[in-house]
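Note sheet for the following structure.
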Number of protein chains: 2
Amino acid sequence: MLTPKELAEYCKNAHENYLPHISIDCVVFGFHEGAIKVLVLKMNNDEWYLPGGFLLKSEPIETAANRILKERTGLDDIFLQQFHVFGDPERSKEHFEMYKDMLPANENWFANRFLTIGYYALVDFFDATPTHDQLSESCTWRDLNDVPKLKLDHTQILKTALDTLRLQLNYQPIGYNLMPKQFTMPELQKLYETILDKKLDRRNFQRRMLGFGILKRSEQLRKGGAHKAPYLYSFDLENYEAALKEGLQGGW
Amino acid sequence: MLTPKELAEYCKNAHENYLPHISIDCVVFGFHEGAIKVLVLKMNNDEWYLPGGFLLKSEPIETAANRILKERTGLDDIFLQQFHVFGDPERSKEHFEMYKDMLPANENWFANRFLTIGYYALVDFFDATPTHDQLSESCTWRDLNDVPKLKLDHTQILKTALDTLRLQLNYQPIGYNLMPKQFTMPELQKLYETILDKKLDRRNFQRRMLGFGILKRSEQLRKGGAHKAPYLYSFDLENYEAALKEGLQGGW
């Protein structure tokens with residue numbers, strides 16, 4: 001939480017530089033050790049948020065989302081997709097309450113109604129360097145099934161992002177952007193199971209995945225496990241992109 | 001186009017009631033005589049736009065979209081989906097140019113940057129009563145392949161709406177909301193062909209459609225044609241909605 005002096009400075013700067021009433025929130029997904037991870041920010045009063053920010057007065061939305069993601073992850077050229085605007089008139093009331101004694105409403109940036117534009121981003125877990133912002137004390141990966149209760153409508157934003165991933169699984173290069181360069185079939189199945197929120201049959205999954213013709217099998221095997229070493233796969237990007245155009249499960 | 005006096009009044013009212021920098025544009029689809037139709041507004045200087053409007057200061061976005069659609073079509077409870085925010089900083093420059101000599105920029109509502117939230121709506125062609133707004137002289141249906149050049153980025157908005165329909169064809173009740181209560185198989189095929197922008201094989205289409213178990217065949221036949229009377233179908237809404245949950249072409 002900001003001190004009154006920091007708040008005044010923050011608000012003055014915000015009024016000068018940002019378009020009022022509009023914010024951007026980002027659901028950043030990664031994949032690590034068989035689990036989908038989400039990037040969350042922790043405020044020093046132990047409250048949790050999705051990473052976000054505001055739109056400069058003459059900045060394209062896409063540029064703003066990329067800028068915010070670069071600040072939080074250190075990464076350029078992230079795969080990101082706008083997915084929904086959240087515009088409940090009451091959605092940012094909590095912020096208004098939090099700061100209302102510190103600054104008169106007309107100077108208080110947080111006393112405004114905000115519509116927030118949701119983006120989801122898919123990043124390679126090992127490439128990202130989570131970095132917190134001015135309002136928070138930490139930025140960390142959390143397991144999708146261990147995300148703390150988020151403030152404002154951020155739990156809803158996360159849920160909607162996941163619903164979108166589910167619907168776009170056949171049309172967007174989700175596997176390609178979330179998986180490491182090489183992966184085993186069980187790892188890929190785990191990704192699909194988490195996004196679809198259901199168990200899949202191992203043989204069927206493998207048969208269908210190979211049937212799409214979008215995977216290349218490496219000569220190498222994964223080493224070091226106790227069991228028989230599994231094959232390593234990577235995406236054949238050209239075939240993958242061609243298949244996504246029609247939809248992975250076949251067009252009409 | 002507004003007279004200077006009308007413009008001043010319009011802008012005064014807009015500043016008082018609407019959230020700045022945000023607008024809503026609607027792509028309203030109908031289906032008639034084998035063709036997808038789109039609702040367009042014509043200004044008196046022969047310029048064409050999609051129907052749209054603004055967001056009241058405390059109004060939920062969804063409510064605003066419904067209000068705008070009710071004003072343009074006379075219909076309540078329209079099937080509508082938010083699909084994208086268009087935020088190019090230059091997208092509303094044309095409006096600024098158009099009115100800039102009539103009113104100082106700080107009073108001129110149209111001199112602001114606007115982010116517009118795109119909604120697509122699916123309506124029953126015969127139920128809608130197209131009605132123009134204060135800024136336009138007519139509101140009419142146009143064939144999708146005969147839409148005049150639209151102002152601002154409205155051609156892009158229409159294109160993105162169509163791309164969205166294409167991606168959501170297996171997940172949203174698009175046929176149900178666009179087709180009349182009863183229809184023939186060739187009529188339904190025509191809808192799919194228009195949305196997918198390609199010819200489909202008649203037998204395959206019929207086989208797959210019937211295979212989904214979402215159509216009920218009526219005892220009646222379509223009367224009055226020169227050829228053998230075709231069967232009439234309607235959607236089995238319960239089965240349709242259950243099938244859409246998994247995705248029409250089958251889940252994982």
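Chains: A, B, ... in order of the structure tokens. Residues: from 1 per chain. Ligands: from 1, in order shown.
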
Exercise for review: May I have the residues of chain A within 6 Å of chain B, counting only C-alpha atoms, written as an MDAnalysis selection string?
Suggested key: chainID A and resid 58 60:61 87:89

Practice item. From range 29-229 of chain A, collect each residue whose DSSP state is strand (DSSP E) and return the set as a ChimeraX atom specification. Key: /A:29-32,35-42,48-49,52-56,79-86,115-122,138-143,215-221

Review point. Could you name the residues that touch Phe96 in chain A at 9 Å or less, counting only C-alpha atoms, but leaving out those on the same chain fewer than 5 positions away, as a PyMOL selection string?
Key: chain A and resi 105+108-112

So that I have them on file, write out the residues from the current selection with N, CA and C atoms, as a short mmCIF file (atom, residue, chain, number, x, y, z; two decimals), in the first residue's frame.
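Written out: again30.cif:
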```cif
data_model
loop_
_atom_site.label_atom_id
_atom_site.label_comp_id
_atom_site.auth_asym_id
_atom_site.auth_seq_id
_atom_site.Cartn_x
_atom_site.Cartn_y
_atom_site.Cartn_z
N ALA A 105 -11.32 12.93 -3.85
CA ALA A 105 -11.72 12.06 -4.96
C ALA A 105 -11.29 12.58 -6.33
N ASN A 108 -7.79 11.68 -6.83
CA ASN A 108 -7.45 10.29 -6.57
C ASN A 108 -7.75 9.41 -7.80
N TRP A 109 -6.68 9.02 -8.45
CA TRP A 109 -6.77 8.17 -9.65
C TRP A 109 -7.61 6.91 -9.40
N PHE A 110 -7.45 6.36 -8.21
CA PHE A 110 -8.11 5.09 -7.89
C PHE A 110 -9.59 5.25 -7.54
N ALA A 111 -10.06 6.51 -7.46
CA ALA A 111 -11.48 6.74 -7.18
C ALA A 111 -12.32 6.66 -8.45
N ASN A 112 -11.68 6.46 -9.58
CA ASN A 112 -12.41 6.37 -10.84
C ASN A 112 -12.94 4.97 -11.10
#
```

Point to revise | Atomic separation - CA of Glu241 in chain A relative to CA of Gln172 in chain A, Å | key: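 Result for CA of Gln172 in chain A versus CA of Glu241 in chain A: 8.3 Å, one decimal.
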
Review point. What gap, in Å, lies between CA of Glu71 in chain A and CA of Tyr18 in chain A?
Key: 16.9 Å

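Distances here use only C-alpha atoms; by that measure, the residue among A:Ala161, A:Leu178, A:Cys11, A:Leu50 closest to Phe126 in chain A is A:Leu178.
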
Review point. Hey, can you check how far CA of Gln182 in chain A sits from CA of Gly34 in chain A?
Key: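 Going from CA of Gln182 in chain A over to CA of Gly34 in chain A covers 13.4 Å.
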
Exercise for review: Mind checking which residues fall within 10 Å of Glu47 in chain A, counting only C-alpha atoms, ignoring those fewer than 6 positions away in the same chain, and posting them as a list in words?
Suggested key: Met1, Leu41, Ser136, Pro148, Lys149, Leu150 and Lys151 of chain A

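For the set B:Gln156, B:Thr194, B:Ser92, B:Thr184, the residue with the smallest atom-to-atom gap to Phe29 in chain B is B:Thr194, counting only C-alpha atoms.
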
Practice item. List every residue of range 1-200 of chain A that DSSP, applied to the backbone, labels as helix (DSSP H, G or I), and write the result as a count of residues only. Key: 72

Exercise for review: Fewer than 3 positions away in the same chain doesn't count, so skip those; otherwise give me all residues within 9 Å of Leu7 in chain A, counting only C-alpha atoms, as a ChimeraX atom specification.
Suggested key: /A:1-4,10-12,99,102-103,108

Same residues, N, CA, C and O atoms, saved as a tab-separated table (two decimals), in the first residue's frame:
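So the final result, stored in again-v9.tsv, reads:
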```
chain	number	residue	atom	x	y	z
A	1	MET	N	0.85	-1.21	0.00
A	1	MET	CA	0.00	0.00	0.00
A	1	MET	C	0.88	1.25	0.00
A	1	MET	O	1.94	1.28	0.61
A	2	LEU	N	0.42	2.28	-0.71
A	2	LEU	CA	1.21	3.49	-0.83
A	2	LEU	C	1.02	4.39	0.39
A	2	LEU	O	-0.04	4.40	1.00
A	3	THR	N	2.07	5.14	0.74
A	3	THR	CA	1.92	6.18	1.76
A	3	THR	C	1.16	7.34	1.12
A	3	THR	O	1.11	7.45	-0.12
A	4	PRO	N	0.57	8.24	1.94
A	4	PRO	CA	-0.16	9.37	1.35
A	4	PRO	C	0.68	10.17	0.35
A	4	PRO	O	0.20	10.57	-0.70
A	10	TYR	N	1.85	9.33	-7.26
A	10	TYR	CA	1.38	8.32	-8.21
A	10	TYR	C	0.19	8.85	-9.00
A	10	TYR	O	0.13	8.74	-10.23
A	11	CYS	N	-0.77	9.46	-8.29
A	11	CYS	CA	-2.00	9.92	-8.93
A	11	CYS	C	-1.73	11.09	-9.87
A	11	CYS	O	-2.31	11.17	-10.95
A	12	LYS	N	-0.85	11.98	-9.44
A	12	LYS	CA	-0.53	13.13	-10.29
A	12	LYS	C	0.08	12.64	-11.62
A	12	LYS	O	-0.34	13.03	-12.71
A	99	TYR	N	-8.17	4.00	-0.48
A	99	TYR	CA	-7.38	5.23	-0.50
A	99	TYR	C	-8.21	6.47	-0.21
A	99	TYR	O	-7.69	7.58	-0.29
A	102	MET	N	-7.07	9.43	2.03
A	102	MET	CA	-5.74	10.00	1.79
A	102	MET	C	-5.73	11.16	0.81
A	102	MET	O	-4.83	11.99	0.85
A	103	LEU	N	-6.72	11.18	-0.09
A	103	LEU	CA	-6.68	12.15	-1.18
A	103	LEU	C	-8.11	12.48	-1.59
A	103	LEU	O	-8.95	11.59	-1.62
A	108	ASN	N	-7.79	11.68	-6.83
A	108	ASN	CA	-7.45	10.29	-6.57
A	108	ASN	C	-7.75	9.41	-7.80
A	108	ASN	O	-8.88	9.10	-8.12
```

Review point. Contacts of range 226-238 of chain B at 8 Å or less, counting only C-alpha atoms, minus same-chain residues fewer than 4 places along, as a list in words?
Key: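 So the residues in contact are Tyr176, Lys181, Gln182, Phe183, Thr184, Met185, Ile214, Leu215, Lys216, Arg217, Ser218, Glu219, Gln220, Leu221, Arg222 and Ala242 of chain B.
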
Review point. Taking only C-alpha atoms into account, which of B:Gln134, B:Gln81, B:Thr73, B:Asn239 comes nearest Gly30 in chain B?
Key: B:Thr73

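Each of B:Lys5, B:Lys100, B:Lys37, B:Arg72 was compared to Asp133 in chain B using only C-alpha atoms, and B:Arg72 turns out to be the nearest.
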